[in-house]
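Listing of upload-v9.txt; format and content: compact mmCIF, C-alpha atoms.
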```
# COMPACT_ATOMS: atom_id res chain seq x y z
CA MET O 621 103.69 132.93 109.21
CA ASP O 622 104.68 131.45 112.56
CA THR O 623 105.12 133.90 115.38
CA LEU O 624 108.03 133.58 117.75
CA VAL O 625 105.65 132.42 120.49
CA SER O 626 104.10 129.67 118.39
CA GLN O 627 107.55 128.49 117.28
CA LEU O 628 108.72 128.32 120.87
CA GLN O 629 105.53 126.57 121.95
CA ARG O 630 105.96 123.97 119.22
CA GLN O 631 109.58 123.46 120.26
CA PHE O 632 108.51 123.08 123.87
CA ARG O 633 105.82 120.57 122.96
CA ASP O 634 108.17 118.48 120.79
CA TYR O 635 110.94 118.54 123.35
CA THR O 636 108.63 117.50 126.18
CA ILE O 637 107.25 114.61 124.14
CA SER O 638 110.78 113.47 123.24
CA LEU O 639 111.78 113.36 126.91
CA TYR O 640 108.92 110.97 127.61
CA HIS O 641 109.44 108.86 124.49
CA GLN O 642 113.16 108.52 125.16
CA GLY O 643 112.40 107.31 128.66
CA PHE O 644 113.87 110.21 130.60
CA LEU O 645 110.51 111.01 132.22
CA ASP O 646 107.41 109.07 133.15
CA ASP O 647 103.84 109.74 134.34
CA GLN O 648 104.98 110.85 137.76
CA PHE O 649 106.53 113.95 136.17
CA THR O 650 103.11 114.68 134.69
CA GLU O 651 101.67 114.50 138.23
CA LEU O 652 104.32 116.99 139.31
CA LYS O 653 103.33 119.41 136.54
CA LYS O 654 99.72 119.35 137.77
CA LEU O 655 100.86 121.04 140.96
CA GLN O 656 102.31 124.01 139.08
CA ASP O 657 100.05 127.00 138.58
CA GLU O 658 100.10 130.80 138.64
CA CYS O 659 100.50 130.75 142.43
CA SER O 660 103.51 128.42 142.27
CA PRO O 661 104.96 128.88 138.77
CA ASP O 662 108.36 127.45 139.72
CA PHE O 663 107.13 124.45 141.68
CA VAL O 664 108.49 121.80 139.31
CA ALA O 665 111.86 123.53 138.96
CA GLU O 666 112.16 123.79 142.75
CA VAL O 667 111.32 120.14 143.38
CA VAL O 668 113.66 118.82 140.68
CA SER O 669 116.37 121.14 141.93
CA LEU O 670 116.13 119.50 145.36
CA PHE O 671 116.19 116.12 143.65
CA PHE O 672 119.40 116.91 141.75
CA GLU O 673 121.07 118.23 144.90
CA ASP O 674 120.18 115.00 146.66
CA CYS O 675 121.47 112.98 143.66
CA GLU O 676 124.83 114.65 144.03
CA LYS O 677 124.95 114.01 147.74
CA LEU O 678 123.86 110.38 147.50
CA ILE O 679 126.21 109.60 144.62
CA GLY O 680 129.03 111.09 146.67
CA ASN O 681 128.07 108.81 149.58
CA MET O 682 128.02 105.78 147.32
CA ALA O 683 131.38 106.66 145.74
CA ARG O 684 133.01 107.05 149.17
CA ALA O 685 131.58 103.75 150.34
CA LEU O 686 132.78 101.95 147.20
CA ASP O 687 136.22 103.50 147.59
CA GLN O 688 136.86 101.45 150.71
CA THR O 689 138.65 98.77 148.67
CA GLY O 690 138.38 95.38 150.29
CA ASN O 691 136.10 96.71 152.99
CA VAL O 692 133.03 97.95 151.12
CA ASP O 693 129.88 98.26 153.21
CA PHE O 694 127.34 97.16 150.59
CA SER O 695 124.42 97.79 152.95
CA LEU O 696 125.51 101.42 153.19
CA VAL O 697 125.70 101.70 149.41
CA GLY O 698 122.35 99.92 149.14
CA SER O 699 120.74 102.33 151.57
CA SER O 700 121.78 105.32 149.43
CA VAL O 701 120.60 103.53 146.29
CA HIS O 702 117.25 102.86 147.92
CA GLN O 703 116.89 106.51 148.82
CA LEU O 704 117.79 107.59 145.28
CA LYS O 705 115.33 105.10 143.83
CA GLY O 706 112.57 106.52 146.01
CA SER O 707 113.20 110.14 145.14
CA SER O 708 113.75 109.47 141.42
CA SER O 709 110.47 107.56 141.22
CA SER O 710 108.66 110.38 143.02
CA VAL O 711 109.77 113.03 140.53
CA GLY O 712 109.38 110.86 137.44
CA ALA O 713 113.09 110.40 136.63
CA LYS O 714 112.45 107.10 134.86
CA ARG O 715 115.96 106.19 133.68
CA VAL O 716 117.57 107.03 137.01
CA LYS O 717 114.96 104.92 138.79
CA GLY O 718 115.59 102.00 136.40
CA LEU O 719 119.32 102.14 137.03
CA CYS O 720 118.71 102.15 140.77
CA VAL O 721 116.84 98.85 140.48
CA THR O 722 119.88 97.23 138.83
CA PHE O 723 122.22 98.98 141.24
CA LYS O 724 120.30 97.64 144.26
CA GLU O 725 120.57 94.10 142.89
CA CYS O 726 124.35 94.52 142.62
CA CYS O 727 124.49 95.76 146.21
CA ASP O 728 122.38 92.86 147.44
CA SER O 729 124.66 90.36 145.69
CA GLN O 730 127.77 92.31 146.78
CA ASN O 731 128.88 92.62 143.16
CA PHE O 732 131.61 95.26 143.39
CA GLU O 733 132.26 95.68 139.64
CA GLY O 734 128.53 95.83 139.01
CA CYS O 735 128.13 98.52 141.66
CA VAL O 736 130.95 100.60 140.20
CA ARG O 737 129.41 100.35 136.70
CA CYS O 738 125.98 101.30 138.02
CA LEU O 739 127.39 104.25 139.92
CA GLN O 740 129.01 105.60 136.75
CA GLN O 741 125.79 105.15 134.79
CA VAL O 742 123.65 106.80 137.47
CA ASP O 743 126.04 109.75 137.57
CA ILE O 744 125.87 110.17 133.79
CA GLU O 745 122.11 109.72 133.72
CA TYR O 746 121.17 112.24 136.39
CA LYS O 747 123.47 114.86 134.85
CA SER O 748 121.94 114.21 131.44
CA LEU O 749 118.42 114.60 132.85
CA LYS O 750 119.45 117.75 134.69
CA ALA O 751 120.74 119.32 131.47
CA LYS O 752 117.60 118.36 129.54
CA LEU O 753 115.26 119.74 132.18
CA GLN O 754 117.26 122.96 132.32
CA ASP O 755 116.73 123.27 128.56
CA LEU O 756 113.01 122.60 129.07
CA PHE O 757 112.69 125.23 131.80
CA SER O 758 114.66 127.65 129.64
CA LEU O 759 112.14 127.14 126.82
CA GLU O 760 109.32 127.84 129.29
CA GLN O 761 110.97 131.10 130.30
CA GLN O 762 111.45 132.13 126.67
CA ILE O 763 107.76 131.49 125.96
CA VAL O 764 106.68 133.58 128.94
CA GLN O 765 109.13 136.38 128.09
CA ALA O 766 107.78 136.43 124.54
CA GLY O 767 104.31 136.97 125.98
CA GLY O 768 102.99 133.46 125.42
CA ARG O 769 101.52 130.74 127.63
CA ILE O 770 103.19 127.43 128.32
CA PRO O 771 101.18 124.84 126.38
CA GLN O 772 99.60 121.80 127.97
CA VAL O 773 101.32 118.75 126.48
CA ASP O 774 99.36 115.49 126.30
CA ILE O 775 101.64 112.49 126.33
CA MET Y 486 121.95 120.22 168.87
CA LEU Y 487 118.55 119.80 167.26
CA LEU Y 488 116.15 122.70 167.45
CA PHE Y 489 112.59 122.82 166.21
CA ILE Y 490 111.24 126.22 165.35
CA PRO Y 491 107.72 126.55 163.92
CA PHE Y 492 107.22 129.39 161.49
CA LEU Y 493 104.86 130.39 158.71
CA TYR Y 494 105.93 130.94 155.13
CA ASN Y 495 103.38 131.29 152.34
CA SER Y 496 100.77 129.89 154.74
CA ILE Y 497 102.72 126.67 155.16
CA GLN Y 498 103.68 125.78 158.71
CA TYR Y 499 107.26 124.61 158.76
CA ILE Y 500 108.99 122.83 161.56
CA ALA Y 501 112.59 123.68 160.85
CA HIS Y 502 115.23 121.18 161.76
CA ILE Y 503 118.35 123.07 162.70
CA GLN Y 504 121.37 120.90 162.57
CA ASP Y 505 124.24 123.30 162.58
CA LYS Y 506 125.09 126.98 162.80
CA HIS Y 507 124.88 127.46 159.03
CA ASP Y 508 121.27 126.26 159.03
CA GLN Y 509 120.57 128.40 162.07
CA LEU Y 510 121.85 131.55 160.39
CA LEU Y 511 119.84 130.89 157.23
CA LEU Y 512 116.72 130.24 159.28
CA ILE Y 513 117.13 133.41 161.35
CA LEU Y 514 117.53 135.44 158.15
CA SER Y 515 114.51 133.70 156.60
CA VAL Y 516 112.35 134.37 159.65
CA ILE Y 517 113.37 138.05 159.69
CA VAL Y 518 112.38 138.36 156.02
CA VAL Y 519 109.11 136.52 156.60
CA LYS Y 520 108.18 138.65 159.62
CA CYS Y 521 108.81 141.83 157.64
CA CYS Y 522 106.54 140.56 154.89
CA CYS Y 523 103.78 139.23 157.15
CA SER Y 524 100.49 141.06 156.81
CA SER Y 525 99.33 143.19 159.73
CA LYS Y 526 96.05 141.26 159.71
CA SER Y 527 97.78 138.05 160.73
CA LYS Y 528 99.63 139.89 163.51
CA GLU Y 529 96.36 141.39 164.80
CA GLU Y 530 94.75 137.99 164.81
CA GLU Y 531 97.60 136.59 166.83
CA GLU Y 532 97.46 139.51 169.28
CA GLU Y 533 93.68 139.10 169.78
CA VAL Y 534 93.79 135.38 170.52
CA PRO Y 535 95.51 134.20 173.69
CA ALA Y 536 98.67 132.18 172.96
CA GLY Y 537 97.20 128.93 174.28
CA GLN Y 538 94.29 129.08 171.81
CA VAL Y 539 96.29 129.81 168.61
CA VAL Y 540 97.19 126.13 168.36
CA LYS Y 541 93.54 125.03 168.66
CA LYS Y 542 92.47 127.50 165.97
CA THR Y 543 95.04 126.13 163.52
CA PHE Y 544 93.93 122.56 164.14
CA LYS Y 545 90.39 123.24 162.95
CA LYS Y 546 91.94 123.02 159.48
CA LEU Y 547 93.21 119.79 157.96
CA CYS Y 548 96.76 119.35 159.24
CA VAL Y 549 98.92 116.79 157.50
CA LEU Y 550 102.31 115.66 158.77
CA VAL Y 551 104.71 114.45 156.07
CA VAL Y 552 107.41 112.19 157.48
CA ASP Y 553 110.11 111.48 154.89
CA ASP Y 554 113.88 111.96 154.87
CA ASP Y 555 113.85 112.79 151.15
CA ARG Y 556 113.54 116.53 150.49
CA SER Y 557 112.10 116.28 147.00
CA CYS Y 558 109.43 113.83 148.21
CA ARG Y 559 108.54 116.12 151.11
CA SER Y 560 108.27 119.14 148.79
CA LEU Y 561 106.07 117.18 146.44
CA TYR Y 562 103.63 115.98 149.08
CA MET Y 563 103.56 119.37 150.76
CA GLY Y 564 102.78 121.14 147.48
CA PHE Y 565 100.00 118.72 146.82
CA ILE Y 566 98.50 118.97 150.32
CA GLN Y 567 98.49 122.75 150.17
CA MET Y 568 96.75 122.67 146.81
CA ARG Y 569 94.00 120.52 148.30
CA GLY Y 570 93.44 123.00 151.11
CA GLY Y 571 95.43 121.23 153.78
CA PHE Y 572 98.15 122.56 156.06
CA PRO Y 573 101.34 120.57 155.53
CA TYR Y 574 103.95 120.05 158.23
CA MET Y 575 107.14 118.07 157.88
CA ALA Y 576 109.48 115.81 159.80
CA GLU Y 577 112.65 114.21 158.49
CA ASN Y 578 112.39 110.91 160.34
CA GLY Y 579 110.19 108.90 162.67
CA GLU Y 580 111.75 110.26 165.84
CA GLU Y 581 110.98 113.85 164.86
CA ALA Y 582 107.38 112.84 164.21
CA VAL Y 583 107.07 111.17 167.61
CA ASN Y 584 108.68 114.18 169.32
CA LEU Y 585 106.13 116.52 167.72
CA TYR Y 586 103.36 114.56 169.39
CA ARG Y 587 105.24 114.40 172.69
CA ASP Y 588 105.49 118.22 172.48
CA GLY Y 589 101.73 118.46 172.23
CA GLN Y 590 101.25 118.82 168.47
CA THR Y 591 98.58 116.78 166.73
CA PHE Y 592 97.64 116.21 163.09
CA ASN Y 593 94.65 114.86 161.18
CA LEU Y 594 96.78 112.75 158.85
CA ILE Y 595 100.35 111.42 158.92
CA LEU Y 596 102.04 110.34 155.70
CA MET Y 597 104.83 108.08 156.94
CA ASP Y 598 107.73 106.86 154.84
CA ASN Y 599 109.41 103.72 156.13
CA GLU Y 600 113.14 103.73 155.48
CA MET Y 601 114.49 106.75 157.32
CA PRO Y 602 117.53 107.36 159.51
CA VAL Y 603 117.25 107.50 163.33
CA MET Y 604 113.77 105.89 163.44
CA ASN Y 605 111.94 104.20 160.57
CA GLY Y 606 108.27 104.56 159.77
CA VAL Y 607 107.10 101.26 161.22
CA SER Y 608 108.80 101.94 164.58
CA ALA Y 609 107.45 105.48 164.65
CA THR Y 610 103.94 104.22 163.91
CA LYS Y 611 104.14 101.77 166.81
CA GLU Y 612 105.43 104.44 169.17
CA LEU Y 613 102.69 106.84 168.18
CA ARG Y 614 100.00 104.23 168.79
CA ASP Y 615 101.61 103.34 172.13
CA LEU Y 616 101.35 107.05 173.01
CA GLY Y 617 97.62 106.85 172.32
CA VAL Y 618 97.75 108.79 169.05
CA THR Y 619 94.60 108.21 167.00
CA SER Y 620 95.49 110.28 163.91
CA MET Y 621 95.15 108.53 160.56
CA ILE Y 622 98.56 107.08 159.68
CA VAL Y 623 99.29 106.08 156.10
CA GLY Y 624 102.46 104.10 155.47
CA LEU Y 625 104.29 104.96 152.24
CA THR Y 626 105.95 101.79 151.06
CA SER Y 627 108.65 100.94 148.53
CA HIS Y 628 107.75 97.27 148.35
CA GLU Y 629 104.84 95.08 149.45
CA ASP Y 630 106.87 93.45 152.24
CA GLU Y 631 106.60 96.69 154.21
CA ASN Y 632 102.80 96.62 154.29
CA SER Y 633 102.39 94.01 156.99
CA GLY Y 634 104.91 95.74 159.28
CA PHE Y 635 103.01 99.01 159.00
CA MET Y 636 99.60 97.46 159.53
CA GLU Y 637 100.78 95.45 162.54
CA ALA Y 638 102.27 98.64 163.99
CA GLY Y 639 98.87 100.30 163.73
CA ALA Y 640 98.80 102.14 160.42
CA ASP Y 641 95.37 102.70 158.86
CA HIS Y 642 96.44 102.31 155.24
CA CYS Y 643 99.49 101.72 153.09
CA LEU Y 644 100.22 103.34 149.75
CA ALA Y 645 102.90 102.14 147.35
CA LYS Y 646 105.43 104.71 146.18
CA PRO Y 647 105.46 106.61 143.94
CA ILE Y 648 102.27 107.97 145.43
CA THR Y 649 99.56 108.92 143.01
CA PHE Y 650 97.87 112.11 143.92
CA GLU Y 651 94.55 110.47 143.34
CA ASN Y 652 95.20 108.26 146.39
CA ILE Y 653 95.96 111.25 148.56
CA TYR Y 654 93.00 113.24 147.16
CA LEU Y 655 90.72 110.48 148.39
CA LEU Y 656 92.29 110.41 151.85
CA ILE Y 657 92.10 114.17 152.27
CA GLU Y 658 88.51 114.32 150.99
CA GLN Y 659 87.58 111.51 153.38
CA LEU Y 660 89.09 113.40 156.32
CA LYS Y 661 87.41 116.65 155.27
CA ASP Y 662 84.05 114.86 155.25
CA GLU Y 663 84.71 113.53 158.74
```

Could you render the structure as structure tokens?
Amino acid sequence: MDTLVSQLQRQFRDYTISLYHQGFLDDQFTELKKLQDECSPDFVAEVVSLFFEDCEKLIGNMARALDQTGNVDFSLVGSSVHQLKGSSSSVGAKRVKGLCVTFKECCDSQNFEGCVRCLQQVDIEYKSLKAKLQDLFSLEQQIVQAGGRIPQVDI
Amino acid sequence: MLLFIPFLYNSIQYIAHIQDKHDQLLLILSVIVVKCCCSSKSKEEEEEVPAGQVVKKTFKKLCVLVVDDDRSCRSLYMGFIQMRGGFPYMAENGEEAVNLYRDGQTFNLILMDNEMPVMNGVSATKELRDLGVTSMIVGLTSHEDENSGFMEAGADHCLAKPITFENIYLLIEQLKDE
């Protein structure tokens, strides 16, 4: 009979694998996990929290810049996109990073409709990732509270 | 007004960048909490060693300056450096990095992003070399085009982002051996 801990661990393992297979996360997130240990048990959560705060700020910057109808500063938008691409690639946010590549191309070609579409998609994507990682961290907490250890997941 | 205040938290030396009063208040509260939690041993050590020599003592360890305007990137590199036994410091742009050296600070290794506000990485690298700085400077690049700019400015190496920790392991181990 499965214990609560083993059920939670299996759930955690399956959910983690699904996040990679669905393209939400890539190997860089694995690198991030390597830095988490007993001395810094919340390291990953802290770093991604900073990332999501920066997402919100940068997306706000981009939205304001794109709102200047007829007078859009595409280099300003592009600068924020570049920053978001850098930080998303550093934390392993694969889909967000991919969208930033397309977004940057729209900025470079001054494609206003393309930029607006990309902005909407980036906004949806980072919020989706944020919700999924919150679920993942919640599973971790449940495992620890149930007296278990967070399993190593090989992707 | 920009204000740089060095303080220790969890053995990591932070150079805090105070931009407004809200930051200042948070920092003051943080420092008060940290000072209350500091061990007496560290206080005794500081009292025994004359103020001018505390800086030299710290620099016997491997000190790494992370220069990047992105907070999550800075946190990542700093976490990694600490895990490898280094002492991470941070700056948010090239000008802050240059000012640290002008103020007499020095580091074994500088991890320098390129695209940053105020002063980019390539410009900061050139200024540091013009100041006579001989620390190892590694340019962190988003695309290959940035490599030549960094190397011409005097960087020792370039690493493509996202940085693999294996790359940084090798750099830190190399510096430890030296």

Counting only C-alpha atoms, chain O residues within 6 Å of chain Y, as a PyMOL selection string: chain O and resi 667+670-671+709-710

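The spacing separating atom CA of Gly624 of chain Y from atom CA of Arg587 of chain Y amounts to 20.3 Å.
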
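Reported to one decimal place, the separation of atom CA of Val697 of chain O from atom CA of Asn578 of chain Y is 19.5 Å.
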
Gap from atom CA of Tyr586 of chain Y to atom CA of Gly570 of chain Y - Å, one decimal: 22.4 Å

Nearest to Leu686 of chain O, chosen from O:His702, O:Arg737, O:Lys717, O:Lys653, with only C-alpha atoms counted in the distances: O:Arg737

Nearby residues (all atoms listed in the file) at most 9 Å from Gln741 of chain O, same-chain spacing under 4 positions excluded, as a compact mmCIF listing (two decimals) with C-alpha atoms, keeping the file's coordinate frame:
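Result went into around_37.txt, see below:
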```txt
# COMPACT_ATOMS: atom_id res chain seq x y z
CA VAL O 716 117.57 107.03 137.01
CA LEU O 719 119.32 102.14 137.03
CA VAL O 736 130.95 100.60 140.20
CA ARG O 737 129.41 100.35 136.70
CA GLU O 745 122.11 109.72 133.72
CA TYR O 746 121.17 112.24 136.39
```

How would segment 617-629 of chain Y read, as a tab-separated table (two decimals), in the frame of the given file, once N, CA and C atoms are built in?
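Result saved to out-v5.tsv:
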```
chain	number	residue	atom	x	y	z
Y	617	GLY	N	99.05	106.59	172.35
Y	617	GLY	CA	97.62	106.85	172.32
Y	617	GLY	C	97.19	107.75	171.18
Y	618	VAL	N	98.07	107.92	170.20
Y	618	VAL	CA	97.75	108.79	169.05
Y	618	VAL	C	96.73	108.09	168.15
Y	619	THR	N	95.66	108.81	167.82
Y	619	THR	CA	94.60	108.21	167.00
Y	619	THR	C	94.52	108.80	165.60
Y	620	SER	N	95.48	109.69	165.26
Y	620	SER	CA	95.49	110.28	163.91
Y	620	SER	C	95.56	109.18	162.86
Y	621	MET	N	95.02	109.48	161.66
Y	621	MET	CA	95.15	108.53	160.56
Y	621	MET	C	96.61	108.46	160.16
Y	622	ILE	N	97.16	107.27	160.10
Y	622	ILE	CA	98.56	107.08	159.68
Y	622	ILE	C	98.55	106.25	158.41
Y	623	VAL	N	99.18	106.79	157.37
Y	623	VAL	CA	99.29	106.08	156.10
Y	623	VAL	C	100.77	105.78	155.84
Y	624	GLY	N	101.08	104.50	155.74
Y	624	GLY	CA	102.46	104.10	155.47
Y	624	GLY	C	102.76	104.22	153.98
Y	625	LEU	N	103.88	104.81	153.64
Y	625	LEU	CA	104.29	104.96	152.24
Y	625	LEU	C	105.37	103.93	151.97
Y	626	THR	N	105.06	102.94	151.16
Y	626	THR	CA	105.95	101.79	151.06
Y	626	THR	C	106.65	101.69	149.71
Y	627	SER	N	107.86	101.14	149.76
Y	627	SER	CA	108.65	100.94	148.53
Y	627	SER	C	108.43	99.55	147.96
Y	628	HIS	N	108.10	98.60	148.83
Y	628	HIS	CA	107.75	97.27	148.35
Y	628	HIS	C	106.71	96.64	149.27
Y	629	GLU	N	106.00	95.67	148.74
Y	629	GLU	CA	104.84	95.08	149.45
Y	629	GLU	C	105.20	94.51	150.81
```
